[in-house]
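K.L.:
Before I ask anything, here is the structure I am working with.
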Amino acid sequence: MAAERRQKWISLILVNGTLFVMVLLWTIPTTGLFISSWRSRLDIQTSGWWTIFPHREWTTVDKLDPKELGLDSTAVMQVEGVEGTFEQLRAGVETPSGTRIKWVGNRRIGWIEVQEEEWTVNWDFTTENYKQVLMGKEFEYQRPDGTVEIIPGDNFWGSILNSIAVAVPATVIPILIAAFAAYGFAWMNFSGRRLLFIMVVALLVVPLQIALVPLLSDYKKLNLNGTFLAVWLAHTGFGLPLAVYLLYNYIRTLPREILESAFIDGASHFTVFVRLILPLSLPALASFAIFQFLWVWNDYLVALIFLGGNPETEVLTMRLANMVGSRGNDWHLLTAGAFVTMILPLFVFFSLQRYFVRGLLAGSVKG
Amino acid sequence: MAVNQSTDEQDVGVGSRLVTFVLRLIIVVAIPAIAFAVLYAGFLFLRDSNAPKWFITLVAIVWGVGGVAALYWIFNWLVELLPDTWKGRLQPFVFVGPAIAILAWYLAIPVVRTFYISLYSRDGPQFGEFVGLANYVTIFTDRLMREAISNNIFLWILFGVPLTVGFGLVIATLADRSKFERVAKVLIFLPMAISFVGAGVIWRFIYVVRPLDAPQIGLLNAIVVALGGTPRAWPAYTAISPWNSLFLVVIVAWLQTGFAMVLFSAALKGIPDEILEASRVDGANEFQVFFRIMIPSIRGTIITVTTTIVIFTLKIFDVVWVMTGGQFGTDVIATQFYRQSFIARNAGYGSAIAVILLIAVIPVMIYNLRQFREQEAF
């Protein structure tokens with residue numbers, strides 16, 4: 001009995017322990033980004049984000065002037081009971097009592113620090129990064145030495161608006177079109193019905209790369225390049241196969257009797273669709289809406305091709321990717337910028353997670 | 001519609017019927033005409049306007065959504081004016097027609113068009129010359145393209161897919177037995193909401209490399225240094241090429257494991273408890289239960305998840321583009337496609353690469369169609 005109980009405990013710890021490690025591995029990358037986005041530029045450049053957690057760090061307790069001590073930096077020096085060359089002292093020499101002697105600066109105007117290892121946290125958070133990323137205006141940055149540097153801001157706010165302008169219609173339009181089509185396939189009889197639906201199923205996995213070159217030339221002829229309309233239509237086209245397929249599968253399962261009684265009462269297909277089917281399909285519509293919204297919001301390729309080159313219509317993913325290219329080492333801005341692009345999807349994800357999962361389960365055939 | 005009128009009203013009837021007919025005709029023509037004019041004006045406004053962004057955004061949403069709804073309403077209204085036989089014949093096409101038209105324009109016809117373009121030299125059919133299958137020959141002989149294909153197949157698919165599917169399966173199984181199932185699943189699933197560009201930034205920050213004497217601010221290099229190693233710019237570390245691509249593969253595994261986990265989790269919950277209990281009573285240990293009972297029971301889901309991720313990995317673009325731009329020997333098929341089609345402006349060659357991508361997914365397409373026929377939904 002006791003052995004069995006122990007066995008149970010061991011397996012419980014094993015299961016939860018492994019799971020905990022996995023979850024930790026999966027959350028650390030995002031956590032690091034999030035924490036860094038609130039740290040100052042200098043902090044990010046000089047210490048890892050994990051230093052916000054308690055850790056031991058060398059802190060200076062005493063400063064000594066080598067000249068006063070009469071030290072010759074070209075020879076072996078004796079300080080506080082330890083000895084070392086200039087190079088050794090620069091790397092830091094530990095004394096038997098646990099302190100560390102470190103030469104800071106160069107030979108001529110350097111000084112010597114006596115350091116002790118102490119527990120500390122780097123808790124110096126700031127909102128400056130977000131301000132700088134969101135606002136389009138210039139920003140003043142005070143360097144540690146007192147000089148002021150003027151940095152142009154990044155216009156993420158405009159890109160947020162662009163992303164909304166792209167994502168909302170690019171979500172609603174395909175849903176509407178697909179819902180009509182799904183109803184048609186599910187409840188109407190017409191010649192070519194089977195063949196057309198087979199086309200929808202076949203198109204589910206077609207890579208969108210196949211369409212980009214011809215579409216770009218069509219758009220050039222229609223003078224549509226760089227407009228929101230171009231991107232909505234593209235996302236509508238690329239999202240439609242999955243939308244029709246998902247909604248068809250759902251609408252098909254609605255009870256036939258409801259429709260039939262409505263038809264007997266003299267309702268037309270259009271009325272039935274608008275009054276009955278749309279409200280009844282709300283769960284399926286919501287599932288697809290979340291799917292498509294996240295897909296469009298996070299899309300980079302389609303926006304790059306059809307909106308590329310025009311800073312006025314740049315969406316968030318393009319803005320962020322450009323920032324990676326132009327200021328790839330300004331981590332205080334990149335982290336804040338990346339987090340700005342994630343706020344809305346994360347909000348949608350957390351508030352509508354149930355529908356999202358349902359959509360995933362129903363639509364895992366998409367390519 | 002007034003059909004049977006009494007005989008003494010016939011004379012008046014003809015006149016008034018003529019008037020109603022003309023009026024109707026005018027309305028039938030006028031309403032769609034006005035609607036189209038309004039929509040076209042909206043289109044021109046959206047295309048050429050310099051109004052404030054929030055205003056354009058608002059107009060865009062109203063125009064896009066309202067316009068589509070209005071079009072359906074008008075076409076349906078027109079069709080419902082027709083006699084019943086014609087109405088029955090045409091109404092389905094009001095419902096499915098727009099979807100079919102868009103699918104044809106955006107996906108079906110481009111397949112043929114792209115194939116056609118791929119038979120021409122760099123300037124396409126209009127200005128270039130017909131080269132037959134020469135572009136396809138180049139794909140399999142060009143060193144860079146061969147490198148991209150081999151990266152895509154041997155590193156991305158052969159490593160990335162098992163990694164994603166394996167982690168997804170393990171986490172789903174573990175979560176199923178844990179009290180913290182919900183929290184664990186949400187946290188693993190969370191990266192699904194993040195864009196590839198965003199994920200690119202997250203992981204660039206993990207791979208950041210600083211000079212030897214500076215403190216490492218990238219997590220990976222900090223660990224490497226703490227263990228006594230040399231910090232490297234891992235994805236750009238060409239000395240280990242082509243294995244440096246694996247640092248990018250990990251990113252996609254991190255993003256997609258949540259997807260695999262959710263599907264596996266749902267499938268595992270579908271296995272009847274009696275079967276699992278029975279096998280345990282018969283003395284099977286947990287590993288045997290996992291490999292002999294669970295995995296065979298969710299075989300279908302494993303196939304679906306695997307094919308989905310294979311297709312997805314085959315088209316991988318954003319991550320590579322943001323992380324390395326395809327440099328340092330990390331090119332994949334889709335980055336080559338993008339570079340050839342839109343940067344080098346080699347339409348013929350770029351199209352040929354797209355066709356190769358399509359050919360690669362055809363087996364999945366056939367599988368899907370077969371599944372569909374088996375369900376016999378029609």
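By convention here, the chains of the structure tokens are called A, B, ... in the order presented, each chain's residues are numbered starting at 1, and ligands are numbered starting at 1 in the order presented.
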For B:Ile311, find every residue with an atom within 12 Å (counting only C-alpha atoms), except residues of its own chain fewer than 5 positions away, and show them as an NGL selection string.

P.N.:
(:A and (204-208 or 364-367)) or (:B and (152-153 or 156-157 or 160-161 or 304-306 or 316 or 334 or 357-365))

K.L.:
Against chain B, which residues of chain A fall within 6 Å? For each one I want the closest pair of atoms and the distance in Å (one decimal), counting only C-alpha atoms, rows by chain and increasing residue number, as a tab-separated table.

P.N.:
```
residue	atom	partner	partner_atom	distance
A:Val15	CA	B:Leu174	CA	5.8
A:Trp26	CA	B:Ile188	CA	5.9
A:Leu33	CA	B:Ile202	CA	6.0
A:Ser47	CA	B:Ile217	CA	5.7
A:Gly48	CA	B:Ile217	CA	4.2
A:Ala165	CA	B:Thr57	CA	4.8
A:Pro169	CA	B:Ile61	CA	5.4
A:Ile173	CA	B:Val65	CA	5.8
A:Ile177	CA	B:Ala99	CA	5.9
A:Phe180	CA	B:Phe95	CA	5.0
A:Ala181	CA	B:Val96	CA	4.0
A:Gly184	CA	B:Phe95	CA	5.4
A:Ala202	CA	B:Met365	CA	5.7
A:Gln209	CA	B:Ala354	CA	5.8
A:Ile210	CA	B:Ala354	CA	5.0
A:Ala211	CA	B:Pro110	CA	5.0
A:Thr227	CA	B:Arg47	CA	5.8
A:Gly237	CA	B:Tyr106	CA	5.3
A:Asn298	CA	B:Ser195	CA	4.4
A:Ala338	CA	B:Gly198	CA	5.2
A:Met342	CA	B:Ile194	CA	6.0
A:Pro345	CA	B:Ala193	CA	5.6
A:Leu346	CA	B:Ala193	CA	6.0
A:Gly367	CA	B:Ile311	CA	5.7
```

K.L.:
Distance atom CA of A:Val79-atom CA of A:Arg100, one decimal place?

P.N.:
10.6 Å
